[in-house]
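Here is the structure we will look at, set down as structure tokens.
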Amino acid sequence: MSKPEGQFCPPHLLDNLKHQDWPEAALYVVSTPIGNLADISYRAIYTLQLCDVIACEDTRTSKQLLSQLHIEPKKLMALHKFNETESIDLVASYLSEGLRVAMISDAGTPAVSDPGSVLIEAMLGRGVRVVPIPGASAVITAVMASGVRPKDISLSGFSFLGFLPSKASERKGFIEQELTENIRPSVVFESPHRIEESMKDLMELLGEDRLITVCKELTKKFETVVRGSVREMVNWLAADSNNQKGEFVIIVEGVGIATREGEAESEKLLRLMLGKGISIKDAVAVVHEFMSSPRKPIYDMALRIKSEGEG
């Protein structure tokens, strides 16, 4: 099977690409730009030229990308979250013929948040070689711009949690379970249609002072990265309707280990006072002053303790 020719990159790099291993009957997982076409890699272009079949999240979107790259695909097939499982056998049949199959999403890296993990797991289970072709990722791009890290200097890394749930009740439950006590920064996606509502939920459940970074339109002309307290971000969104446009990446600061210990101490004090018959109002006031902690989380904790006792 012939390898692609073409002057899409400097000759010495093209020569390097030609001499790499490009196995047949393999699944190539290819990253594509998240907004700026110039972020496509030489290796990604070469792979898309080389492969016999390209599995796309949306064939219409992928046709536009391939046209901009002057690539004439041999065959396209749709592979998205609604048909990924059903597509496994079709992809496997192409691979059984010795064909190379590339998988791309509408933007960014497949299988991170977009479809792909189900197919990859199935192909690995069948002994198929999976070749990653790395590139743009909204998650990594946002982390690069945010400067966030765990408060505990002995730790590193972050948690990526995908899109916030669309339903309000599920979203609030998700925030309480996943974000309130995570000691590492948490990265989530949100759509422009829900960004204001979700930010208000974050303020309600995490407190007004939790530090967050909001990124939108990453790598595009109107790329924006802002950082501040949740309250400041709520105000920023409300100040200009243009601030609510675009796809959002939100990074929520993690809590420190000392914060967790402080919460445990606050709960211990509240249980002691409420158990002695002290009112919620007075108990919260004492813990707020003694621990120098935000009042609302303490009040919520007191209500929870009270309801447990009544239950």
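To be explicit about the labels: the chains of the structure tokens are called A, B, and onward in the order shown, and within each one the residues are counted from 1, while ligands get numbers from 1 in the order they are shown.
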
Contacts of A:Val118 at 12 Å or less, counting only C-alpha atoms, minus same-chain residues fewer than 6 places along, as a PyMOL selection string?
-> chain A and resi 79-88+110-112+124-125

Please produce an output containing C-alpha atoms for each residue in the selection, written as a PDB file, in the first residue's frame.
```
ATOM      1  CA  LEU A  79     -18.753   6.934  14.576  1.00  0.00           C
ATOM      2  CA  HIS A  80     -20.387   8.860  17.414  1.00  0.00           C
ATOM      3  CA  LYS A  81     -21.765   8.265  20.899  1.00  0.00           C
ATOM      4  CA  PHE A  82     -25.050   6.934  19.548  1.00  0.00           C
ATOM      5  CA  ASN A  83     -23.559   4.241  17.284  1.00  0.00           C
ATOM      6  CA  GLU A  84     -20.102   3.542  18.720  1.00  0.00           C
ATOM      7  CA  THR A  85     -20.952   0.084  20.048  1.00  0.00           C
ATOM      8  CA  GLU A  86     -22.760  -0.889  16.839  1.00  0.00           C
ATOM      9  CA  SER A  87     -19.755   0.273  14.778  1.00  0.00           C
ATOM     10  CA  ILE A  88     -17.284  -2.103  16.411  1.00  0.00           C
ATOM     11  CA  PRO A 110     -10.854  11.199  20.700  1.00  0.00           C
ATOM     12  CA  ALA A 111     -11.679   9.164  23.804  1.00  0.00           C
ATOM     13  CA  VAL A 112     -10.864  11.977  26.257  1.00  0.00           C
ATOM     14  CA  LEU A 124      -7.518  -3.936  22.109  1.00  0.00           C
ATOM     15  CA  GLY A 125      -9.595  -6.888  23.295  1.00  0.00           C
TER      16      GLY A 125
END
```

Got a sec: who's within 7 Å of stretch 191-202 of chain A, counting only C-alpha atoms, leaving out chain neighbours fewer than 5 positions off, as a list in words?
->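 Everything that qualifies: Lys172, Val234, Leu237, Gln244, Lys245, Gly246, Glu247 and Phe248 of chain A.
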
Spatial neighbours of A:Asp39, max dist 8 Å, only C-alpha atoms, sep filter under 4 positions, as a list in words =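 Contacts, with the query itself left out: Thr32, Pro33, Gly135 and Ala136 of chain A.
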
Which of stretch 28-138 of chain A DSSP labels strand (DSSP E), written as a list of chain:residue names =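 Written out, the strand (DSSP E) residues of stretch 28-138 of chain A are A:Tyr28, A:Val29, A:Val30, A:Val53, A:Ile54, A:Ala55, A:Cys56, A:Leu76, A:Met77, A:Ala78, A:Val101, A:Ala102, A:Met103, A:Ile104, A:Arg129, A:Val130, A:Val131, A:Pro132, A:Ile133.
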
With only C-alpha atoms counted and 10 Å as the cut-off, give the residues of stretch 193-280 of chain A in contact with stretch 137-154 of chain A, each with its shortest interatomic distance in Å and the pair that gives it, as a Markdown table.
```
| residue | atom | partner | partner_atom | distance |
| --- | --- | --- | --- | --- |
| A:Leu211 | CA | A:Val148 | CA | 9.7 |
| A:Ile212 | CA | A:Val148 | CA | 9.0 |
| A:Thr213 | CA | A:Ser146 | CA | 6.3 |
| A:Val214 | CA | A:Ala142 | CA | 8.5 |
| A:Cys215 | CA | A:Ala142 | CA | 6.4 |
| A:Lys216 | CA | A:Ala142 | CA | 8.9 |
| A:Glu217 | CA | A:Ala138 | CA | 9.6 |
| A:Leu218 | CA | A:Ala138 | CA | 7.2 |
| A:Thr219 | CA | A:Thr141 | CA | 8.4 |
| A:Thr224 | CA | A:Ala145 | CA | 9.9 |
| A:Val225 | CA | A:Ala145 | CA | 7.3 |
| A:Val226 | CA | A:Ser146 | CA | 8.5 |
| A:Arg227 | CA | A:Ser146 | CA | 7.7 |
| A:Glu247 | CA | A:Ala138 | CA | 9.9 |
| A:Phe248 | CA | A:Ala138 | CA | 9.3 |
| A:Val249 | CA | A:Ala142 | CA | 6.7 |
| A:Ile250 | CA | A:Ala142 | CA | 8.2 |
| A:Ile251 | CA | A:Val143 | CA | 7.7 |
| A:Val252 | CA | A:Val148 | CA | 8.7 |
| A:Glu253 | CA | A:Val148 | CA | 7.0 |
| A:Gly254 | CA | A:Pro150 | CA | 6.0 |
| A:Val255 | CA | A:Lys151 | CA | 6.8 |
| A:Gly256 | CA | A:Lys151 | CA | 5.2 |
| A:Ile257 | CA | A:Asp152 | CA | 6.9 |
| A:Ala258 | CA | A:Asp152 | CA | 8.9 |
| A:Thr259 | CA | A:Lys151 | CA | 9.9 |
```

Between A:Arg43, A:Arg295, A:Arg126, A:Lys74, which is the closest to A:Ala25 once you count only C-alpha atoms?
-> A:Arg126

Skip A:Gly275 itself and residues of its chain fewer than 2 positions away, then list as a ChimeraX atom specification all residues within 12 Å of it, counting only C-alpha atoms.
-> /A:267-273,277-280,283,302,305-306,308-310

Identify which of the residues A:Gly207, A:Gly98, A:Pro115, A:Pro165 lies closest to A:Leu27, counting only C-alpha atoms when measuring atom-to-atom distances.
-> A:Gly98

Using only C-alpha atoms, which residues sit within 7 Å of stretch 128-133 of chain A once same-chain residues fewer than 6 positions away are excluded, as an MDAnalysis selection string?
-> chainID A and resid 26:31 44

Just the selected residues (all heavy atoms), exported as a compact mmCIF listing (two decimals), in the first residue's frame, please.
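Writing done, so here's part-v2.txt:
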```
# COMPACT_ATOMS: atom_id res chain seq x y z
N ALA A 26 -4.42 -1.59 11.61
CA ALA A 26 -4.27 -0.90 12.89
C ALA A 26 -5.29 0.24 12.98
O ALA A 26 -5.72 0.79 11.96
CB ALA A 26 -2.86 -0.36 13.07
N LEU A 27 -5.65 0.58 14.22
CA LEU A 27 -6.54 1.71 14.47
C LEU A 27 -5.69 2.90 14.90
O LEU A 27 -4.97 2.84 15.89
CB LEU A 27 -7.54 1.36 15.57
CG LEU A 27 -8.48 2.49 16.02
CD1 LEU A 27 -9.41 2.91 14.89
CD2 LEU A 27 -9.28 2.07 17.25
N TYR A 28 -5.78 3.99 14.15
CA TYR A 28 -5.02 5.20 14.44
C TYR A 28 -5.96 6.22 15.09
O TYR A 28 -6.97 6.62 14.50
CB TYR A 28 -4.43 5.78 13.15
CG TYR A 28 -3.35 4.92 12.55
CD1 TYR A 28 -3.67 3.81 11.77
CD2 TYR A 28 -2.00 5.20 12.77
CE1 TYR A 28 -2.68 3.00 11.23
CE2 TYR A 28 -1.01 4.40 12.23
CZ TYR A 28 -1.35 3.30 11.46
OH TYR A 28 -0.36 2.50 10.92
N VAL A 29 -5.64 6.61 16.32
CA VAL A 29 -6.46 7.58 17.06
C VAL A 29 -5.80 8.94 16.89
O VAL A 29 -4.71 9.19 17.43
CB VAL A 29 -6.56 7.20 18.55
CG1 VAL A 29 -7.48 8.16 19.29
CG2 VAL A 29 -7.07 5.76 18.70
N VAL A 30 -6.45 9.82 16.13
CA VAL A 30 -5.80 11.04 15.65
C VAL A 30 -6.42 12.29 16.29
O VAL A 30 -7.63 12.51 16.21
CB VAL A 30 -5.92 11.15 14.11
CG1 VAL A 30 -5.16 12.37 13.60
CG2 VAL A 30 -5.40 9.88 13.45
N SER A 31 -5.58 13.11 16.88
CA SER A 31 -6.03 14.40 17.42
C SER A 31 -6.14 15.43 16.29
O SER A 31 -5.28 15.49 15.42
CB SER A 31 -5.04 14.92 18.46
OG SER A 31 -5.00 14.09 19.59
N ALA A 44 -0.28 13.99 12.04
CA ALA A 44 -1.72 13.79 11.88
C ALA A 44 -2.12 13.88 10.41
O ALA A 44 -2.91 13.07 9.92
CB ALA A 44 -2.49 14.82 12.71
```

Which polymer residues have any atom within 10 Å of an atom of A:Ile45, counting only C-alpha atoms, with same-chain residues fewer than 6 positions away left out, as a ChimeraX atom specification?
-> /A:4,8-9,30,32,66,69-71,133

Measure the distance from atom CA of A:Asp52 to atom CA of A:Arg100 in Å and round it to one decimal.
->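 Rounded to one decimal, the two atoms are 5.4 Å apart.
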